[in-house]
Amino acid sequence: MKRLQNILTMTMVLLTAGAMTAWAQSCPDNNHPHAIDMGLKVKWACCNLDSKSPTKAGYNYAWGETEIKGVFNYNNYKYGGNDHEPNSCKPIGKSIEGGQYDVAKKRWGGSWRMPTKKDFMELVNKCDISWVTEDGVNGVRFTAPNGNSIFIGAFGYVKGYEIVGRESGGTIGCYWTANCSEDDNRYAVAGWADLEHRDYDLTDSKISRAWGAQIRPVSSGTTTNPSGGNTPSNNGLVFAAGTQNLHYKILKKNMVEVTGEVRGMHSGRLVIPSTVKHNNVEYKVVRIGKSALSHQNNLTEVVVPASVVEIGDKAFANCEKLETINITGTLNKFGRYVTSYCPKLRTINISGASRIKAAGNCVYDKTRMELLAGCGASSIAANNGLTIVEGAFTGTSITHAVIKGNKCKIKGKAFSNCSQLKLVDIYADSWSCATNAFSGCWHMEAVRLKNPPKKGKKLDNTSAVIKKF
């Protein structure tokens with residue numbers, strides 16, 4: 001049997017639309033979910049975990065994870081692993097039903113749990129199987145000898161960010177069991193159905209644990225209908241919205257960040273929206289996440305909306321053509337290395353009045369007296385007690401830095417890899433400088449000081465000398 005990733009996704013011919021919705025045969029009312037007694041060793045839920053209808057998908061989960069998310073790969077899988085090394089995932093058990101890694105148990109409690117390979121095998125061996133379409137959703141209906149039945153929909157699976165097999169009413173159904181592969185712990189057993197070929201393997205198909213699949217809970221005890229359990233938080237869910245090819249990560253209720261977990265490519269001028277919609281819910285964009293817009297080689301200008309209050313580390317780093325950053329709101333936080341390796345950057349504006357301000361194309365935290373970011377056109381303001389933080393000018397095209405004020409502190413790598421930097425003039429009476437502050441500035445000629453140290457000072461990885469004006 002080929003693994004799921006090799007299955008061709010095709011569509012199923014839809015059945016007559018006028019037929020009665022079949023789940024009404026087993027569910028006593030529309031207050032789903034229900035526990036369906038099919039005369040088997042376990043009762044099966046009428047719908048998927050986190051769903052309120054047999055013909056609606058629930059959230060996808062990576063195997064053994066209990067949090068929802070939108071991206072599924074080894075990079076963000078809680079238990080590690082990679083594509084090249086067998087058994088590279090962290091072992092969490094050969095079977096996880098009913099334990100701490102069982103998301104059905106965590107959500108619904110009681111005797112509810114993930115189904116095992118044996119549970120699926122009993123379902124297949126003791127039920128009649130029909131390929132059907134219900135409420136526009138393709139799937140498989142299992143009918144037990146006692147007449148009760150359940151519908152398992154073709155809601156696909158998620159590999160990376162791509163949902164596979166959910167198009168055209170559904171072409172592939174993919175459901176986790178609680179069993180890990182015995183051959184390679186990067187894989188777990190999943191039940192799947194290929195609706196084009198009327199083929200299924202609900203007992204022995206293996207897919208990557210890091211991928212996202214649906215879960216159909218079972219109950220092995222006296223539990224009747226599930227209560228719905230703990231409503232899962234959307235926090236961490238990643239989705240795409242709008243026409244800007246941006247992806248957003250839900251932080252908390254009605255708030256999102258522009259995320260770097262999944263990134264499209266951008267060119268020219270990019271205007272980030274202040275609000276976006278997902279599943280008919282409006283979210284406020286409040287943060288530009290870590291590395292969210294880094295390595296955008298054709299991006300020239302970014303306009304950040306007034307709704308954004310935080311800029312994450314390396315948010316705009318390594319954008320080789322970026323010239324202008326316009327932040328139209330009030331910021332509470334500005335990360336490290338935000339503008340690093342942006343050699344063409346010349347303009348940084350922040351419109352809102354806050355502790356984070358822009359002056360002379362530099363970004364300052366006026367409360368902490370820190371210079372957070374600069375660019376090739378920066379003019380450093382005369383601030384007493386100023387600290388230039390790590391990564392503030394890293395990889396920029398600044399050529400001459402003039403630092404004024406009574407006190408000055410330059411942190412490590414503050415000006416690292418500034419290939420065009422030649423002179424640094426420090427007028428402060430009291431100053432300190434990390435030895436690697438100018439690391440990689442091989443064309444720098446001198447650091448000129450008002451009061452140079454009598455015993456001299458060595459700077460690492462630069463040809464510059466320290467001398468008096």
# chains A, B, ... in the order shown; residues from 1 in each chain; ligands from 1

$ select_by_dssp --residues "stretch 44-280 of chain A" --states "alpha helix (DSSP H)" --output "NGL selection string"
:A and (103-108 or 117-126)

$ residues_around --residues "stretch 332-339 of chain A" --least-positions-apart "3" --cutoff "7 Å" --atoms "only C-alpha atoms" --output "NGL selection string"
:A and (309-317 or 342 or 355-356 or 372-373 or 390-392)

$ write_last_selection --atoms "N, CA, C and O atoms" --output "PDB file, in the first residue's frame"
ATOM      1  N   VAL A 309       1.757  47.583  17.611  1.00  0.00           N
ATOM      2  CA  VAL A 309       2.420  48.148  18.784  1.00  0.00           C
ATOM      3  C   VAL A 309       3.766  47.495  19.063  1.00  0.00           C
ATOM      4  O   VAL A 309       4.515  47.964  19.925  1.00  0.00           O
ATOM      5  N   GLU A 310       4.103  46.397  18.340  1.00  0.00           N
ATOM      6  CA  GLU A 310       5.367  45.713  18.565  1.00  0.00           C
ATOM      7  C   GLU A 310       6.008  45.323  17.232  1.00  0.00           C
ATOM      8  O   GLU A 310       5.313  44.884  16.315  1.00  0.00           O
ATOM      9  N   ILE A 311       7.324  45.472  17.177  1.00  0.00           N
ATOM     10  CA  ILE A 311       8.121  45.010  16.042  1.00  0.00           C
ATOM     11  C   ILE A 311       9.092  43.963  16.572  1.00  0.00           C
ATOM     12  O   ILE A 311       9.898  44.248  17.459  1.00  0.00           O
ATOM     13  N   GLY A 312       9.030  42.748  16.041  1.00  0.00           N
ATOM     14  CA  GLY A 312       9.852  41.656  16.546  1.00  0.00           C
ATOM     15  C   GLY A 312      11.276  41.669  16.031  1.00  0.00           C
ATOM     16  O   GLY A 312      11.624  42.402  15.093  1.00  0.00           O
ATOM     17  N   ASP A 313      12.129  40.858  16.650  1.00  0.00           N
ATOM     18  CA  ASP A 313      13.527  40.733  16.235  1.00  0.00           C
ATOM     19  C   ASP A 313      13.624  40.397  14.746  1.00  0.00           C
ATOM     20  O   ASP A 313      12.861  39.569  14.228  1.00  0.00           O
ATOM     21  N   LYS A 314      14.559  41.034  14.053  1.00  0.00           N
ATOM     22  CA  LYS A 314      14.873  40.759  12.649  1.00  0.00           C
ATOM     23  C   LYS A 314      13.660  40.893  11.726  1.00  0.00           C
ATOM     24  O   LYS A 314      13.608  40.265  10.659  1.00  0.00           O
ATOM     25  N   ALA A 315      12.697  41.696  12.121  1.00  0.00           N
ATOM     26  CA  ALA A 315      11.447  41.793  11.357  1.00  0.00           C
ATOM     27  C   ALA A 315      11.679  42.151   9.894  1.00  0.00           C
ATOM     28  O   ALA A 315      11.003  41.625   9.009  1.00  0.00           O
ATOM     29  N   PHE A 316      12.636  43.052   9.621  1.00  0.00           N
ATOM     30  CA  PHE A 316      12.896  43.491   8.245  1.00  0.00           C
ATOM     31  C   PHE A 316      14.331  43.165   7.820  1.00  0.00           C
ATOM     32  O   PHE A 316      14.828  43.737   6.842  1.00  0.00           O
ATOM     33  N   ALA A 317      14.983  42.270   8.491  1.00  0.00           N
ATOM     34  CA  ALA A 317      16.397  41.990   8.235  1.00  0.00           C
ATOM     35  C   ALA A 317      16.618  41.371   6.856  1.00  0.00           C
ATOM     36  O   ALA A 317      15.750  40.691   6.311  1.00  0.00           O
ATOM     37  N   CYS A 342      20.286  45.617   5.730  1.00  0.00           N
ATOM     38  CA  CYS A 342      19.457  46.344   4.771  1.00  0.00           C
ATOM     39  C   CYS A 342      20.308  47.482   4.220  1.00  0.00           C
ATOM     40  O   CYS A 342      20.203  48.634   4.678  1.00  0.00           O
ATOM     41  N   ARG A 355       7.306  55.816  23.847  1.00  0.00           N
ATOM     42  CA  ARG A 355       8.674  55.640  24.322  1.00  0.00           C
ATOM     43  C   ARG A 355       9.599  55.239  23.177  1.00  0.00           C
ATOM     44  O   ARG A 355      10.800  55.489  23.220  1.00  0.00           O
ATOM     45  N   ILE A 356       9.024  54.589  22.129  1.00  0.00           N
ATOM     46  CA  ILE A 356       9.810  54.232  20.946  1.00  0.00           C
ATOM     47  C   ILE A 356       9.612  55.343  19.919  1.00  0.00           C
ATOM     48  O   ILE A 356       8.498  55.582  19.443  1.00  0.00           O
ATOM     49  N   LEU A 372      18.109  51.671  19.150  1.00  0.00           N
ATOM     50  CA  LEU A 372      17.707  50.303  18.821  1.00  0.00           C
ATOM     51  C   LEU A 372      18.007  49.906  17.388  1.00  0.00           C
ATOM     52  O   LEU A 372      18.223  48.721  17.107  1.00  0.00           O
ATOM     53  N   ALA A 373      17.968  50.857  16.466  1.00  0.00           N
ATOM     54  CA  ALA A 373      18.171  50.532  15.055  1.00  0.00           C
ATOM     55  C   ALA A 373      18.569  51.779  14.294  1.00  0.00           C
ATOM     56  O   ALA A 373      18.199  52.897  14.655  1.00  0.00           O
ATOM     57  N   GLU A 390      23.042  45.862  20.739  1.00  0.00           N
ATOM     58  CA  GLU A 390      23.504  44.828  19.813  1.00  0.00           C
ATOM     59  C   GLU A 390      22.658  44.825  18.547  1.00  0.00           C
ATOM     60  O   GLU A 390      21.436  44.846  18.589  1.00  0.00           O
ATOM     61  N   GLY A 391      23.334  44.806  17.392  1.00  0.00           N
ATOM     62  CA  GLY A 391      22.643  44.709  16.113  1.00  0.00           C
ATOM     63  C   GLY A 391      22.013  45.975  15.610  1.00  0.00           C
ATOM     64  O   GLY A 391      21.339  45.967  14.572  1.00  0.00           O
ATOM     65  N   ALA A 392      22.227  47.096  16.287  1.00  0.00           N
ATOM     66  CA  ALA A 392      21.556  48.339  15.886  1.00  0.00           C
ATOM     67  C   ALA A 392      21.900  48.751  14.451  1.00  0.00           C
ATOM     68  O   ALA A 392      21.028  49.195  13.698  1.00  0.00           O
TER      69      ALA A 392
END

$ closest_atom_pairs --of "stretch 95-158 of chain A" --to "stretch 180-190 of chain A" --cutoff "9 Å" --atoms "only C-alpha atoms" --output "CSV"
residue,atom,partner,partner_atom,distance
A:Ser95,CA,A:Cys180,CA,6.0
A:Ile96,CA,A:Cys180,CA,8.2
A:Thr116,CA,A:Val189,CA,8.8
A:Lys117,CA,A:Val189,CA,7.2

$ closest_residue --among "A:Ala57, A:Ile215, A:Ala358, A:Ile272" --to "A:Gly169" --atoms "only C-alpha atoms"
A:Ala57

$ residues_around --residues "A:Ala377" --least-positions-apart "3" --cutoff "10 Å" --atoms "only C-alpha atoms" --output "PDB file with C-alpha atoms, in the first residue's frame"
ATOM      1  CA  LYS A 344      19.856  50.518   0.901  1.00  0.00           C
ATOM      2  CA  LEU A 345      17.717  51.573   3.862  1.00  0.00           C
ATOM      3  CA  ARG A 346      17.707  55.377   4.176  1.00  0.00           C
ATOM      4  CA  THR A 347      14.455  56.316   5.892  1.00  0.00           C
ATOM      5  CA  ILE A 348      12.905  55.151   9.175  1.00  0.00           C
ATOM      6  CA  GLY A 360      17.586  61.184  12.314  1.00  0.00           C
ATOM      7  CA  ASN A 361      16.607  57.816  10.772  1.00  0.00           C
ATOM      8  CA  CYS A 362      17.414  56.054  14.020  1.00  0.00           C
ATOM      9  CA  GLY A 374      19.745  52.669  12.370  1.00  0.00           C
ATOM     10  CA  ILE A 380      22.834  59.822  15.841  1.00  0.00           C
ATOM     11  CA  THR A 396      23.950  48.658   7.160  1.00  0.00           C
ATOM     12  CA  SER A 397      25.742  51.056   4.807  1.00  0.00           C
ATOM     13  CA  ILE A 398      26.623  53.719   7.384  1.00  0.00           C
ATOM     14  CA  THR A 399      29.986  55.333   6.573  1.00  0.00           C
ATOM     15  CA  HIS A 400      30.617  57.774   9.437  1.00  0.00           C
ATOM     16  CA  ALA A 401      29.092  57.481  12.911  1.00  0.00           C
TER      17      ALA A 401
END

$ select_by_dssp --residues "stretch 204-391 of chain A" --states "strand (DSSP E or B)" --output "number ranges by chain"
A: 204-208, 212-214, 218-219, 238-241, 246-252, 255-258, 267-271, 275-278, 281-288, 298-304, 310-311, 324-327, 333-334, 347-350, 356-359, 362-365, 370-373, 386-388

$ write_last_selection --atoms "C-alpha atoms" --output "PDB file, in the first residue's frame"
ATOM      1  CA  ASP A 204      -2.031   0.455   8.389  1.00  0.00           C
ATOM      2  CA  SER A 205      -1.278   3.668   6.477  1.00  0.00           C
ATOM      3  CA  LYS A 206       1.667   5.635   7.884  1.00  0.00           C
ATOM      4  CA  ILE A 207       2.247   9.364   7.512  1.00  0.00           C
ATOM      5  CA  SER A 208       4.626  11.860   9.111  1.00  0.00           C
ATOM      6  CA  GLY A 212      -1.828  17.644  10.452  1.00  0.00           C
ATOM      7  CA  ALA A 213      -4.770  15.231  10.397  1.00  0.00           C
ATOM      8  CA  GLN A 214      -8.320  15.009  11.744  1.00  0.00           C
ATOM      9  CA  VAL A 218     -14.084   6.978  20.535  1.00  0.00           C
ATOM     10  CA  SER A 219     -15.337   6.074  23.999  1.00  0.00           C
ATOM     11  CA  VAL A 238      -1.630  30.580  11.213  1.00  0.00           C
ATOM     12  CA  PHE A 239      -3.744  31.665   8.249  1.00  0.00           C
ATOM     13  CA  ALA A 240      -3.458  33.651   5.040  1.00  0.00           C
ATOM     14  CA  ALA A 241      -5.686  36.645   4.356  1.00  0.00           C
ATOM     15  CA  LEU A 246       0.875  37.784   4.091  1.00  0.00           C
ATOM     16  CA  HIS A 247       0.312  35.178   6.774  1.00  0.00           C
ATOM     17  CA  TYR A 248      -0.989  35.906  10.253  1.00  0.00           C
ATOM     18  CA  LYS A 249      -0.681  34.113  13.576  1.00  0.00           C
ATOM     19  CA  ILE A 250      -3.402  34.428  16.184  1.00  0.00           C
ATOM     20  CA  LEU A 251      -1.956  35.732  19.467  1.00  0.00           C
ATOM     21  CA  LYS A 252      -5.135  35.942  21.512  1.00  0.00           C
ATOM     22  CA  MET A 255      -5.403  39.887  17.757  1.00  0.00           C
ATOM     23  CA  VAL A 256      -2.792  38.638  15.285  1.00  0.00           C
ATOM     24  CA  GLU A 257       0.791  39.188  14.218  1.00  0.00           C
ATOM     25  CA  VAL A 258       2.291  39.135  10.754  1.00  0.00           C
ATOM     26  CA  SER A 267       8.153  43.387  -4.033  1.00  0.00           C
ATOM     27  CA  GLY A 268       7.896  47.149  -4.246  1.00  0.00           C
ATOM     28  CA  ARG A 269       5.710  48.906  -1.671  1.00  0.00           C
ATOM     29  CA  LEU A 270       3.957  46.740   0.934  1.00  0.00           C
ATOM     30  CA  VAL A 271       1.101  48.227   2.981  1.00  0.00           C
ATOM     31  CA  THR A 275      -7.325  44.315  10.365  1.00  0.00           C
ATOM     32  CA  VAL A 276      -7.824  40.972   8.615  1.00  0.00           C
ATOM     33  CA  LYS A 277     -10.629  38.403   8.541  1.00  0.00           C
ATOM     34  CA  HIS A 278     -10.506  34.645   8.995  1.00  0.00           C
ATOM     35  CA  VAL A 281     -13.892  36.778  12.445  1.00  0.00           C
ATOM     36  CA  GLU A 282     -12.075  40.127  12.286  1.00  0.00           C
ATOM     37  CA  TYR A 283      -8.611  40.318  13.851  1.00  0.00           C
ATOM     38  CA  LYS A 284      -6.539  43.377  14.697  1.00  0.00           C
ATOM     39  CA  VAL A 285      -2.924  43.307  13.477  1.00  0.00           C
ATOM     40  CA  VAL A 286      -0.855  44.273  16.530  1.00  0.00           C
ATOM     41  CA  ARG A 287       2.625  42.897  15.890  1.00  0.00           C
ATOM     42  CA  ILE A 288       5.176  42.301  13.169  1.00  0.00           C
ATOM     43  CA  ASN A 298      12.607  42.945  -3.935  1.00  0.00           C
ATOM     44  CA  LEU A 299      10.839  44.845  -1.173  1.00  0.00           C
ATOM     45  CA  THR A 300      11.494  48.607  -1.310  1.00  0.00           C
ATOM     46  CA  GLU A 301       9.048  50.131   1.197  1.00  0.00           C
ATOM     47  CA  VAL A 302       7.003  48.886   4.158  1.00  0.00           C
ATOM     48  CA  VAL A 303       4.072  50.783   5.657  1.00  0.00           C
ATOM     49  CA  VAL A 304       3.150  49.538   9.143  1.00  0.00           C
ATOM     50  CA  GLU A 310       5.367  45.713  18.565  1.00  0.00           C
ATOM     51  CA  ILE A 311       8.121  45.010  16.042  1.00  0.00           C
ATOM     52  CA  THR A 324      11.917  53.061   3.558  1.00  0.00           C
ATOM     53  CA  ILE A 325      10.106  51.927   6.693  1.00  0.00           C
ATOM     54  CA  ASN A 326       7.061  53.981   7.698  1.00  0.00           C
ATOM     55  CA  ILE A 327       5.479  53.086  11.039  1.00  0.00           C
ATOM     56  CA  LYS A 333       8.434  47.343  21.784  1.00  0.00           C
ATOM     57  CA  PHE A 334      11.103  47.258  19.102  1.00  0.00           C
ATOM     58  CA  THR A 347      14.455  56.316   5.892  1.00  0.00           C
ATOM     59  CA  ILE A 348      12.905  55.151   9.175  1.00  0.00           C
ATOM     60  CA  ASN A 349       9.795  57.014  10.347  1.00  0.00           C
ATOM     61  CA  ILE A 350       7.606  56.466  13.411  1.00  0.00           C
ATOM     62  CA  ILE A 356       9.810  54.232  20.946  1.00  0.00           C
ATOM     63  CA  LYS A 357      10.553  57.145  18.633  1.00  0.00           C
ATOM     64  CA  ALA A 358      12.475  57.852  15.434  1.00  0.00           C
ATOM     65  CA  ALA A 359      14.905  60.720  14.924  1.00  0.00           C
ATOM     66  CA  CYS A 362      17.414  56.054  14.020  1.00  0.00           C
ATOM     67  CA  VAL A 363      15.034  54.294  16.399  1.00  0.00           C
ATOM     68  CA  TYR A 364      15.321  55.069  20.127  1.00  0.00           C
ATOM     69  CA  ASP A 365      13.799  53.827  23.333  1.00  0.00           C
ATOM     70  CA  GLU A 370      18.841  53.047  23.948  1.00  0.00           C
ATOM     71  CA  LEU A 371      19.489  53.363  20.245  1.00  0.00           C
ATOM     72  CA  LEU A 372      17.707  50.303  18.821  1.00  0.00           C
ATOM     73  CA  ALA A 373      18.171  50.532  15.055  1.00  0.00           C
ATOM     74  CA  LEU A 386      23.055  56.621  25.362  1.00  0.00           C
ATOM     75  CA  THR A 387      23.478  52.859  24.845  1.00  0.00           C
ATOM     76  CA  ILE A 388      23.747  51.567  21.273  1.00  0.00           C
TER      77      ILE A 388
END

$ residues_around --residues "A:Met444" --least-positions-apart "2" --cutoff "12 Å" --atoms "only C-alpha atoms" --output "PyMOL selection string"
chain A and resi 398-401+415-425+438-442+446-448+459+461-466

$ closest_residue --among "A:Lys105, A:Gly170, A:Ser274, A:Thr243" --to "A:Ala306" --atoms "only C-alpha atoms"
A:Ser274

$ atom_distance --atom1 "atom CA of A:His32" --atom2 "atom CA of A:Ala45"
9.0 Å

$ atom_distance --atom1 "atom CA of A:Cys174" --atom2 "atom CA of A:Leu49"
13.2 Å

$ closest_residue --among "A:Asn138, A:Asn30, A:Ser354, A:Asn297" --to "A:Phe155" --atoms "only C-alpha atoms"
A:Asn138

$ closest_residue --among "A:Asn406, A:Ser51, A:Ser294, A:Ser168" --to "A:Glu261" --atoms "only C-alpha atoms"
A:Ser294

$ atom_distance --atom1 "atom CA of A:Tyr341" --atom2 "atom CA of A:Val389"
15.5 Å

$ residues_around --residues "A:Gly98" --least-positions-apart "4" --cutoff "9 Å" --atoms "only C-alpha atoms" --output "list in words"
Asp102, Val103, Ala104, Lys105, Lys106, Ser111, Trp112, Arg113, Met114 and Ala178 of chain A

$ write_last_selection --atoms "all heavy atoms" --output "PDB file, in the first residue's frame"
ATOM      1  N   ASP A 102      -2.857  12.503  24.240  1.00  0.00           N
ATOM      2  CA  ASP A 102      -4.113  12.215  23.548  1.00  0.00           C
ATOM      3  C   ASP A 102      -4.997  13.453  23.577  1.00  0.00           C
ATOM      4  O   ASP A 102      -5.576  13.804  24.609  1.00  0.00           O
ATOM      5  CB  ASP A 102      -4.804  11.028  24.232  1.00  0.00           C
ATOM      6  CG  ASP A 102      -6.061  10.569  23.501  1.00  0.00           C
ATOM      7  OD1 ASP A 102      -6.677  11.391  22.803  1.00  0.00           O
ATOM      8  OD2 ASP A 102      -6.415   9.389  23.652  1.00  0.00           O
ATOM      9  N   VAL A 103      -5.121  14.135  22.442  1.00  0.00           N
ATOM     10  CA  VAL A 103      -5.866  15.396  22.407  1.00  0.00           C
ATOM     11  C   VAL A 103      -7.362  15.172  22.591  1.00  0.00           C
ATOM     12  O   VAL A 103      -8.061  16.031  23.147  1.00  0.00           O
ATOM     13  CB  VAL A 103      -5.566  16.159  21.099  1.00  0.00           C
ATOM     14  CG1 VAL A 103      -6.054  15.399  19.883  1.00  0.00           C
ATOM     15  CG2 VAL A 103      -6.166  17.556  21.144  1.00  0.00           C
ATOM     16  N   ALA A 104      -7.893  14.029  22.157  1.00  0.00           N
ATOM     17  CA  ALA A 104      -9.312  13.740  22.369  1.00  0.00           C
ATOM     18  C   ALA A 104      -9.612  13.596  23.859  1.00  0.00           C
ATOM     19  O   ALA A 104     -10.629  14.079  24.358  1.00  0.00           O
ATOM     20  CB  ALA A 104      -9.713  12.474  21.614  1.00  0.00           C
ATOM     21  N   LYS A 105      -8.721  12.939  24.567  1.00  0.00           N
ATOM     22  CA  LYS A 105      -8.876  12.796  26.011  1.00  0.00           C
ATOM     23  C   LYS A 105      -8.821  14.161  26.683  1.00  0.00           C
ATOM     24  O   LYS A 105      -9.620  14.470  27.584  1.00  0.00           O
ATOM     25  CB  LYS A 105      -7.771  11.891  26.558  1.00  0.00           C
ATOM     26  CG  LYS A 105      -7.759  11.737  28.077  1.00  0.00           C
ATOM     27  CD  LYS A 105      -8.931  10.929  28.562  1.00  0.00           C
ATOM     28  CE  LYS A 105      -8.818  10.652  30.051  1.00  0.00           C
ATOM     29  NZ  LYS A 105      -9.973   9.866  30.562  1.00  0.00           N
ATOM     30  N   LYS A 106      -7.896  15.001  26.249  1.00  0.00           N
ATOM     31  CA  LYS A 106      -7.737  16.314  26.854  1.00  0.00           C
ATOM     32  C   LYS A 106      -8.954  17.195  26.576  1.00  0.00           C
ATOM     33  O   LYS A 106      -9.418  17.917  27.466  1.00  0.00           O
ATOM     34  CB  LYS A 106      -6.475  16.987  26.310  1.00  0.00           C
ATOM     35  CG  LYS A 106      -6.221  18.363  26.892  1.00  0.00           C
ATOM     36  CD  LYS A 106      -4.913  18.965  26.387  1.00  0.00           C
ATOM     37  CE  LYS A 106      -4.685  20.351  26.996  1.00  0.00           C
ATOM     38  NZ  LYS A 106      -3.403  20.940  26.539  1.00  0.00           N
ATOM     39  N   SER A 111     -14.207   8.972  29.302  1.00  0.00           N
ATOM     40  CA  SER A 111     -13.581   7.810  28.668  1.00  0.00           C
ATOM     41  C   SER A 111     -13.310   8.046  27.181  1.00  0.00           C
ATOM     42  O   SER A 111     -12.982   7.105  26.446  1.00  0.00           O
ATOM     43  CB  SER A 111     -14.473   6.578  28.837  1.00  0.00           C
ATOM     44  OG  SER A 111     -15.737   6.791  28.226  1.00  0.00           O
ATOM     45  N   TRP A 112     -13.443   9.300  26.746  1.00  0.00           N
ATOM     46  CA  TRP A 112     -13.159   9.614  25.348  1.00  0.00           C
ATOM     47  C   TRP A 112     -11.654   9.630  25.101  1.00  0.00           C
ATOM     48  O   TRP A 112     -10.872  10.059  25.944  1.00  0.00           O
ATOM     49  CB  TRP A 112     -13.766  10.955  24.973  1.00  0.00           C
ATOM     50  CG  TRP A 112     -15.258  10.898  24.869  1.00  0.00           C
ATOM     51  CD1 TRP A 112     -16.161  11.284  25.816  1.00  0.00           C
ATOM     52  CD2 TRP A 112     -15.998  10.390  23.778  1.00  0.00           C
ATOM     53  NE1 TRP A 112     -17.431  11.054  25.380  1.00  0.00           N
ATOM     54  CE2 TRP A 112     -17.369  10.495  24.123  1.00  0.00           C
ATOM     55  CE3 TRP A 112     -15.661   9.847  22.541  1.00  0.00           C
ATOM     56  CZ2 TRP A 112     -18.386  10.090  23.278  1.00  0.00           C
ATOM     57  CZ3 TRP A 112     -16.678   9.443  21.692  1.00  0.00           C
ATOM     58  CH2 TRP A 112     -18.023   9.557  22.057  1.00  0.00           C
ATOM     59  N   ARG A 113     -11.263   9.169  23.909  1.00  0.00           N
ATOM     60  CA  ARG A 113      -9.840   9.071  23.569  1.00  0.00           C
ATOM     61  C   ARG A 113      -9.694   8.991  22.046  1.00  0.00           C
ATOM     62  O   ARG A 113     -10.684   8.922  21.302  1.00  0.00           O
ATOM     63  CB  ARG A 113      -9.219   7.829  24.211  1.00  0.00           C
ATOM     64  CG  ARG A 113      -9.887   6.513  23.789  1.00  0.00           C
ATOM     65  CD  ARG A 113      -9.127   5.317  24.309  1.00  0.00           C
ATOM     66  NE  ARG A 113      -9.776   4.041  24.049  1.00  0.00           N
ATOM     67  CZ  ARG A 113      -9.759   3.378  22.902  1.00  0.00           C
ATOM     68  NH1 ARG A 113      -9.146   3.914  21.832  1.00  0.00           N
ATOM     69  NH2 ARG A 113     -10.374   2.204  22.766  1.00  0.00           N
ATOM     70  N   MET A 114      -8.452   8.992  21.590  1.00  0.00           N
ATOM     71  CA  MET A 114      -8.175   8.733  20.180  1.00  0.00           C
ATOM     72  C   MET A 114      -8.423   7.256  19.873  1.00  0.00           C
ATOM     73  O   MET A 114      -8.170   6.392  20.728  1.00  0.00           O
ATOM     74  CB  MET A 114      -6.721   9.084  19.848  1.00  0.00           C
ATOM     75  CG  MET A 114      -6.384  10.561  19.938  1.00  0.00           C
ATOM     76  SD  MET A 114      -4.597  10.881  19.781  1.00  0.00           S
ATOM     77  CE  MET A 114      -4.304  10.352  18.071  1.00  0.00           C
ATOM     78  N   ALA A 178      -4.038   6.265  17.526  1.00  0.00           N
ATOM     79  CA  ALA A 178      -3.148   6.525  18.661  1.00  0.00           C
ATOM     80  C   ALA A 178      -1.834   5.776  18.550  1.00  0.00           C
ATOM     81  O   ALA A 178      -0.991   5.868  19.450  1.00  0.00           O
ATOM     82  CB  ALA A 178      -3.843   6.138  19.962  1.00  0.00           C
TER      83      ALA A 178
END

$ residues_around --residues "A:Ala437" --least-positions-apart "4" --cutoff "6 Å" --atoms "only C-alpha atoms" --output "ChimeraX atom specification"
/A:411-415

$ write_last_selection --atoms "C-alpha atoms" --output "PDB file, in the first residue's frame"
ATOM      1  CA  LYS A 411      27.293  47.004  22.973  1.00  0.00           C
ATOM      2  CA  GLY A 412      28.776  43.979  21.209  1.00  0.00           C
ATOM      3  CA  LYS A 413      28.052  43.742  17.457  1.00  0.00           C
ATOM      4  CA  ALA A 414      26.329  47.121  17.493  1.00  0.00           C
ATOM      5  CA  PHE A 415      28.109  48.020  14.226  1.00  0.00           C
TER       6      PHE A 415
END

$ decode --residues "stretch 386-408 of chain A" --atoms "C-alpha atoms" --output "PDB file, in the first residue's frame"
ATOM      1  CA  LEU A 386      23.055  56.621  25.362  1.00  0.00           C
ATOM      2  CA  THR A 387      23.478  52.859  24.845  1.00  0.00           C
ATOM      3  CA  ILE A 388      23.747  51.567  21.273  1.00  0.00           C
ATOM      4  CA  VAL A 389      22.384  48.033  21.474  1.00  0.00           C
ATOM      5  CA  GLU A 390      23.504  44.828  19.813  1.00  0.00           C
ATOM      6  CA  GLY A 391      22.643  44.709  16.113  1.00  0.00           C
ATOM      7  CA  ALA A 392      21.556  48.339  15.886  1.00  0.00           C
ATOM      8  CA  PHE A 393      23.604  49.016  12.736  1.00  0.00           C
ATOM      9  CA  THR A 394      24.643  45.486  11.763  1.00  0.00           C
ATOM     10  CA  GLY A 395      25.124  45.122   7.998  1.00  0.00           C
ATOM     11  CA  THR A 396      23.950  48.658   7.160  1.00  0.00           C
ATOM     12  CA  SER A 397      25.742  51.056   4.807  1.00  0.00           C
ATOM     13  CA  ILE A 398      26.623  53.719   7.384  1.00  0.00           C
ATOM     14  CA  THR A 399      29.986  55.333   6.573  1.00  0.00           C
ATOM     15  CA  HIS A 400      30.617  57.774   9.437  1.00  0.00           C
ATOM     16  CA  ALA A 401      29.092  57.481  12.911  1.00  0.00           C
ATOM     17  CA  VAL A 402      29.205  60.567  15.145  1.00  0.00           C
ATOM     18  CA  ILE A 403      28.160  59.936  18.752  1.00  0.00           C
ATOM     19  CA  LYS A 404      27.625  62.938  21.035  1.00  0.00           C
ATOM     20  CA  GLY A 405      26.624  63.243  24.685  1.00  0.00           C
ATOM     21  CA  ASN A 406      28.256  63.045  28.085  1.00  0.00           C
ATOM     22  CA  LYS A 407      28.079  59.264  28.356  1.00  0.00           C
ATOM     23  CA  CYS A 408      28.049  56.506  25.755  1.00  0.00           C
TER      24      CYS A 408
END
